[in-house]
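**Q** Mind having a look at this structure? Questions to follow.
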Amino acid sequence: MRPYNEKISIYNGMASTVAMNFSNNFFPIFAITILNATNYQVGLISSLPPLVALLMTIPAAILVNRAHEYKKLVSLSIVLARVMFLLIVVLVYLPTESMQAWAFLGIIAFMSIPNTVANIGWQTLISGMINESRRGEFFSDRNRLLTMVGLVSTLLIGIVMKDFSENTTAYQVLFAIAFGFGLVEAFLMMKHKENPSIAEGPVLKKKLMDWSIFKHSNYVWFLVAALFFNFAWQMAWGIFNIYHVRVVGATIFWISMFSAGNMLMQILTFPLWKKWAERKSNVRVFVWAAIGMATTPFLTVLSTNLYYLTAVQTISGFFLSGVVLLLFNLLLEQSPEATRTYCITTYNVLLAFMAFLAPQVGIWLLNIWGVENAMYLNSGLRLLSAALFYAVYVRYGRTPKNIS
């Protein structure tokens, strides 16, 4: 029988998944079709949140370290973030499209402040609640169930919104529903049974940073490889959005089908990646996931046929499930327990910087070289990131270990 906190975490994740599927997944197409955003502004949709996260991660970590109960801080942060959906609902009444687009970007940026606190708080909370021996099974099951919920909600949106891709009211309804599920998400977060002593943790709260984490070579190598992989991965996000909507002409129905196919494949393959990681090692198996991720940009620009692109996105879900499952497990595996909060914080700070920089570089390359060449280069960089993780495997990961 599954432990209580694991069940509540899964229910909380389901509510969060629905809230995100009714909002964030459609921010780019909303900006392009309703707000008439420029390519630069579309790129900022991906870049602004990590920039704010970069600035907020250390203050957020201080708040988390000082909290006696993580769940209260995380719940409040979730509510503040989801209230921003209501502001998006009303921004369409601003007088000009330019003003609407910039207001939209401002709301997205501000939303990242509580999201950053919630993210770090949740990572720290869950690492203390789930025993190391159960992490692999728990995260595999959780990811699969959340992806199933995401699949159903995405298909529902695609069917209902099929004829309303340029209808402002339809988007307002979507974002209002997302706000409602956000409240459910916060309520379920408060239902966790947290031992207050966990919040004390092994970390000295008076210290802003523990530089000793960089003495652990396993963590440092993982950090370098993971940051480069995330840069290569996120660099194409804005390019994908622009290619799908402006070049291919995909409607909200087809955007939903892309996501649905991707999530269906993740549901089917999460157990496979868990099995392979237990048999080999997290880092070795991640190399193959990263190689697979490198094929997606190249395959995407080979055709503008919507059925073909749905197939490409479905195939990419196979490799994405490995990335989703293994990357966070690798972070916990390579972070020394005594300084885990500092390791997670440092990772999030540097990851936020990469996530801000990468989409801007991608849009810059798109404007200079065109969408096809930008995608080809991105595939090359993703392949290079796989080689870097292979170097980590050669140096530290040859001994098979259980997924943790």
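As shown in the structure tokens, the chain order sets the letters A, B, ...; within each chain, residues go from 1, and ligands are also counted from 1 in the order they appear.
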Mind checking DSSP for segment 129-248 of chain A and telling me the helix (DSSP H, G or I) residues as an NGL selection string?
**A** :A and (129 or 132-160 or 168-190 or 196-200 or 211-215 or 217-234 or 237-247)
**Q** Taking only C-alpha atoms into account, produce a table as JSON lines in which each residue of segment 232-278 of chain A with an atom at most 8 Å from an atom of segment 324-348 of chain A appears once, together with its shortest atom pair and the distance in Å to one decimal, ordered by chain and rising number.
**A**
{"residue": "A:Phe270", "atom": "CA", "partner": "A:Leu325", "partner_atom": "CA", "distance": 7.4}
{"residue": "A:Trp273", "atom": "CA", "partner": "A:Leu325", "partner_atom": "CA", "distance": 7.7}
{"residue": "A:Lys274", "atom": "CA", "partner": "A:Leu325", "partner_atom": "CA", "distance": 7.7}
**Q** With C-alpha atoms retained, export the selected residues as a PDB file, in the first residue's frame.
**A**
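Saved the output as selection.pdb:
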ATOM      1  CA  PHE A 270       8.522   5.668 -18.008  1.00  0.00           C
ATOM      2  CA  TRP A 273      13.672   3.997 -18.405  1.00  0.00           C
ATOM      3  CA  LYS A 274      13.341   3.035 -14.730  1.00  0.00           C
TER       4      LYS A 274
END
**Q** Skip segment 123-133 of chain A itself and residues of its chain fewer than 2 positions away, then list as number ranges by chain all residues within 10 Å of it, counting only C-alpha atoms.
**A** A: 3, 5-6, 9, 61, 64-65, 69-71, 74, 118-121, 135-139, 192-195, 198-199, 201, 328-329, 332-333, 337, 340-341, 344-345, 402-404
**Q** Save the residues we just selected, N, CA, C and O atoms, as a compact mmCIF listing (two decimals), in the first residue's frame?
**A**
# COMPACT_ATOMS: atom_id res chain seq x y z
N PRO A 3 2.45 4.78 0.76
CA PRO A 3 2.44 5.68 1.92
C PRO A 3 1.60 6.93 1.65
O PRO A 3 1.46 7.37 0.51
N ASN A 5 1.94 10.21 2.24
CA ASN A 5 2.55 11.39 1.61
C ASN A 5 2.77 11.18 0.11
O ASN A 5 2.68 12.13 -0.67
N GLU A 6 3.08 9.95 -0.27
CA GLU A 6 3.25 9.68 -1.69
C GLU A 6 1.93 9.86 -2.44
O GLU A 6 1.89 10.42 -3.53
N SER A 9 1.13 13.56 -2.64
CA SER A 9 2.03 14.21 -3.60
C SER A 9 1.56 13.96 -5.03
O SER A 9 1.64 14.85 -5.89
N ALA A 61 15.78 30.35 -1.44
CA ALA A 61 16.45 29.33 -0.62
C ALA A 61 16.55 29.77 0.84
O ALA A 61 16.42 28.94 1.75
N VAL A 64 13.20 29.17 2.33
CA VAL A 64 12.99 27.74 2.54
C VAL A 64 13.78 27.25 3.74
O VAL A 64 13.28 26.50 4.59
N ASN A 65 15.04 27.67 3.86
CA ASN A 65 15.88 27.23 4.96
C ASN A 65 15.35 27.71 6.32
O ASN A 65 15.57 27.07 7.34
N GLU A 69 7.91 24.73 8.44
CA GLU A 69 7.13 23.76 7.67
C GLU A 69 7.15 24.19 6.21
O GLU A 69 6.62 25.24 5.86
N TYR A 70 7.77 23.37 5.39
CA TYR A 70 7.88 23.72 3.98
C TYR A 70 6.52 23.83 3.30
O TYR A 70 6.30 24.66 2.43
N LYS A 71 5.58 22.97 3.69
CA LYS A 71 4.32 22.89 2.96
C LYS A 71 3.53 24.20 3.02
O LYS A 71 2.84 24.56 2.06
N VAL A 74 5.21 26.61 0.53
CA VAL A 74 4.95 26.18 -0.85
C VAL A 74 3.50 26.46 -1.23
O VAL A 74 3.21 26.93 -2.33
N ALA A 118 8.14 28.08 -4.65
CA ALA A 118 7.41 26.81 -4.62
C ALA A 118 8.27 25.67 -5.14
O ALA A 118 8.27 24.56 -4.58
N ASN A 119 9.04 25.92 -6.18
CA ASN A 119 9.87 24.87 -6.79
C ASN A 119 10.95 24.39 -5.83
O ASN A 119 11.11 23.19 -5.60
N ILE A 120 11.70 25.32 -5.25
CA ILE A 120 12.77 24.95 -4.33
C ILE A 120 12.19 24.32 -3.07
O ILE A 120 12.72 23.33 -2.55
N GLY A 121 11.09 24.88 -2.58
CA GLY A 121 10.46 24.32 -1.40
C GLY A 121 9.97 22.90 -1.63
O GLY A 121 10.15 22.02 -0.78
N ARG A 135 12.73 6.28 -4.11
CA ARG A 135 12.65 7.41 -5.04
C ARG A 135 12.43 6.96 -6.47
O ARG A 135 11.62 7.54 -7.19
N GLY A 136 13.18 5.95 -6.91
CA GLY A 136 13.04 5.52 -8.28
C GLY A 136 11.62 5.08 -8.60
O GLY A 136 11.02 5.54 -9.58
N GLU A 137 11.06 4.20 -7.76
CA GLU A 137 9.70 3.71 -7.98
C GLU A 137 8.68 4.84 -7.87
O GLU A 137 7.76 4.95 -8.70
N PHE A 138 8.86 5.70 -6.85
CA PHE A 138 7.89 6.78 -6.63
C PHE A 138 7.87 7.76 -7.79
O PHE A 138 6.80 8.07 -8.33
N PHE A 139 9.04 8.25 -8.21
CA PHE A 139 9.06 9.24 -9.28
C PHE A 139 8.63 8.65 -10.61
O PHE A 139 8.01 9.32 -11.42
N HIS A 192 -0.15 17.35 3.06
CA HIS A 192 1.01 16.53 3.37
C HIS A 192 1.23 16.47 4.88
O HIS A 192 0.98 17.45 5.58
N LYS A 193 1.69 15.34 5.35
CA LYS A 193 2.07 15.20 6.76
C LYS A 193 3.57 15.40 6.87
O LYS A 193 4.36 14.52 6.51
N GLU A 194 3.93 16.58 7.34
CA GLU A 194 5.35 16.95 7.38
C GLU A 194 5.84 16.94 8.82
O GLU A 194 5.20 17.49 9.72
N ASN A 195 6.98 16.32 9.02
CA ASN A 195 7.64 16.36 10.32
C ASN A 195 8.43 17.66 10.41
O ASN A 195 9.36 17.86 9.64
N ILE A 198 12.10 17.87 9.86
CA ILE A 198 12.68 17.77 8.52
C ILE A 198 13.10 19.14 8.03
O ILE A 198 14.12 19.32 7.38
N ALA A 199 12.29 20.14 8.35
CA ALA A 199 12.58 21.48 7.88
C ALA A 199 13.86 22.03 8.46
O ALA A 199 14.47 22.93 7.91
N GLY A 201 16.58 20.15 8.96
CA GLY A 201 17.53 19.59 8.03
C GLY A 201 18.95 19.61 8.53
O GLY A 201 19.26 20.02 9.64
N PHE A 328 16.35 14.66 -12.53
CA PHE A 328 16.17 15.01 -11.12
C PHE A 328 16.75 13.92 -10.21
O PHE A 328 17.35 14.21 -9.17
N ASN A 329 16.61 12.65 -10.62
CA ASN A 329 17.21 11.57 -9.84
C ASN A 329 18.73 11.71 -9.79
O ASN A 329 19.36 11.44 -8.76
N LEU A 332 19.69 14.39 -7.20
CA LEU A 332 19.64 13.88 -5.83
C LEU A 332 20.76 12.87 -5.58
O LEU A 332 21.36 12.85 -4.50
N GLU A 333 21.05 12.05 -6.57
CA GLU A 333 22.07 11.02 -6.43
C GLU A 333 23.46 11.63 -6.24
O GLU A 333 24.26 11.15 -5.43
N GLU A 337 24.26 14.36 0.94
CA GLU A 337 23.07 14.56 1.77
C GLU A 337 23.22 15.73 2.73
O GLU A 337 22.27 16.49 2.96
N ARG A 340 22.61 18.97 0.70
CA ARG A 340 21.71 18.77 -0.44
C ARG A 340 20.95 20.05 -0.79
O ARG A 340 20.76 20.36 -1.96
N THR A 341 20.49 20.81 0.22
CA THR A 341 19.76 22.04 -0.07
C THR A 341 20.62 23.02 -0.85
O THR A 341 20.16 23.66 -1.80
N ILE A 344 20.97 21.71 -4.47
CA ILE A 344 19.75 21.96 -5.24
C ILE A 344 19.64 23.43 -5.59
O ILE A 344 19.30 23.80 -6.73
N THR A 345 19.95 24.31 -4.61
CA THR A 345 19.86 25.75 -4.85
C THR A 345 20.84 26.19 -5.92
O THR A 345 20.49 26.94 -6.84
N ASN A 402 21.64 1.35 -8.47
CA ASN A 402 20.18 1.48 -8.50
C ASN A 402 19.78 2.92 -8.70
O ASN A 402 20.47 3.83 -8.24
N ILE A 403 18.65 3.12 -9.38
CA ILE A 403 18.12 4.46 -9.54
C ILE A 403 17.76 5.01 -8.17
O ILE A 403 17.26 4.30 -7.33
N SER A 404 18.14 6.26 -7.92
CA SER A 404 17.92 6.83 -6.58
C SER A 404 17.31 8.19 -6.69
O SER A 404 17.33 8.82 -7.73
**Q** For Ala311 of chain A, please output as number ranges by chain all residues within 10 Å (counting only C-alpha atoms; exclusion window: fewer than 2 positions along the same chain).
**A** A: 257-258, 261-262, 300, 306-309, 313-317
**Q** Which residue, A:Val18, A:Leu94, A:Met263, A:Leu351, has the smallest gap to Thr116 of chain A when you use only C-alpha atoms?
**A**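 Selected residue with least distance to Thr116 of chain A: A:Leu351.
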**Q** Would you mind telling me which residue in A:Leu146, A:Leu51, A:Ala226, A:Leu384 lies nearest to Ile108 of chain A when using only C-alpha atoms?
**A** A:Leu51
**Q** Could you make a table, as CSV, of the residues of segment 195-308 of chain A that have an atom within 12 Å of an atom of segment 362-378 of chain A, each with its nearest atom pair and distance in Å to one decimal, counting only C-alpha atoms, in chain and number order?
**A**
residue,atom,partner,partner_atom,distance
A:Phe228,CA,A:Asn378,CA,12.0
A:Phe229,CA,A:Asn378,CA,10.9
A:Asn230,CA,A:Asn378,CA,11.6
A:Phe231,CA,A:Asn378,CA,9.7
A:Ala232,CA,A:Asn378,CA,6.3
A:Trp233,CA,A:Asn378,CA,7.9
A:Gln234,CA,A:Gly362,CA,8.5
A:Met235,CA,A:Gly362,CA,4.9
A:Ala236,CA,A:Gly362,CA,5.7
A:Trp237,CA,A:Gly362,CA,7.9
A:Gly238,CA,A:Ile363,CA,6.6
A:Ile239,CA,A:Ile363,CA,6.4
A:Phe240,CA,A:Met375,CA,8.7
A:Asn241,CA,A:Ile363,CA,10.7
A:Ile242,CA,A:Val371,CA,8.8
A:Tyr243,CA,A:Val371,CA,7.2
A:His244,CA,A:Val371,CA,10.9
A:Arg246,CA,A:Val371,CA,11.0
A:Val247,CA,A:Val371,CA,9.2
A:Val248,CA,A:Val371,CA,11.7
A:Met293,CA,A:Asn378,CA,10.3
A:Ala294,CA,A:Asn378,CA,7.6
A:Thr295,CA,A:Tyr376,CA,9.3
A:Thr296,CA,A:Met375,CA,8.9
A:Pro297,CA,A:Met375,CA,5.1
A:Phe298,CA,A:Tyr376,CA,5.4
A:Leu299,CA,A:Met375,CA,9.1
A:Thr300,CA,A:Met375,CA,8.3
A:Val301,CA,A:Glu372,CA,6.0
A:Leu302,CA,A:Glu372,CA,8.5
A:Ser303,CA,A:Glu372,CA,10.6
A:Thr304,CA,A:Glu372,CA,11.7
**Q** Please indicate the distance in Å from atom CA of Leu155 of chain A to atom CA of Leu264 of chain A, rounded to one decimal place.
**A** 10.6 Å
**Q** Using only C-alpha atoms, what does the table of segment 95-176 of chain A residues within 9 Å of segment 25-32 of chain A look like, with each row giving the shortest atom pair and its distance in Å to one decimal, sorted by chain and ascending number, as a tab-separated table?
**A**
residue	atom	partner	partner_atom	distance
A:Ala101	CA	A:Ala31	CA	6.8
A:Phe104	CA	A:Ala31	CA	8.1
A:Ser165	CA	A:Phe30	CA	8.4
A:Glu166	CA	A:Phe30	CA	8.3
A:Thr168	CA	A:Phe30	CA	8.5
A:Tyr171	CA	A:Phe30	CA	7.4
**Q** When you count only C-alpha atoms, which of these residues is closest to Phe222 of chain A: A:Arg66, A:Lys7, A:Arg82, A:Arg395?
**A**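 So, comparing all the options, the nearest one is A:Arg395.
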**Q** Extract, using only C-alpha atoms, all DNA, RNA and protein residues at most 12 Å from Ala391 of chain A, discarding same-chain residues fewer than 3 positions from it, and format them as a list in words.
**A**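 Here the qualifying residues turn out to be Asn218, Trp221, Phe222, Val224, Ala225, Val283, Arg284, Phe286, Val287, Leu384, Ser385, Ala386, Ala387, Leu388, Val394, Arg395, Tyr396, Gly397 and Arg398 of chain A.
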**Q** Using only C-alpha atoms, pick whichever of A:Met354, A:Leu76, A:Leu320, A:Leu145 has the shortest atom-to-atom distance to Ala289 of chain A.
**A** A:Leu320
**Q** For Asp163 of chain A, find every residue with an atom within 10 Å (counting only C-alpha atoms), except residues of its own chain fewer than 3 positions away, and show them as a PyMOL selection string.
**A** chain A and resi 158-160+166-167+170+251-253
**Q** Take atom CA of Val361 of chain A and atom CA of Leu54 of chain A and report the distance between them in Å, one decimal.
**A**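 We find that atom CA of Val361 of chain A and atom CA of Leu54 of chain A lie 17.3 Å from each other.
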**Q** What does the structure give for the distance between atom CA of Ile88 of chain A and atom CA of Gln172 of chain A, in Å to one decimal?
**A**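 If I compute the distance from atom CA of Ile88 of chain A to atom CA of Gln172 of chain A, I get 7.7 Å.
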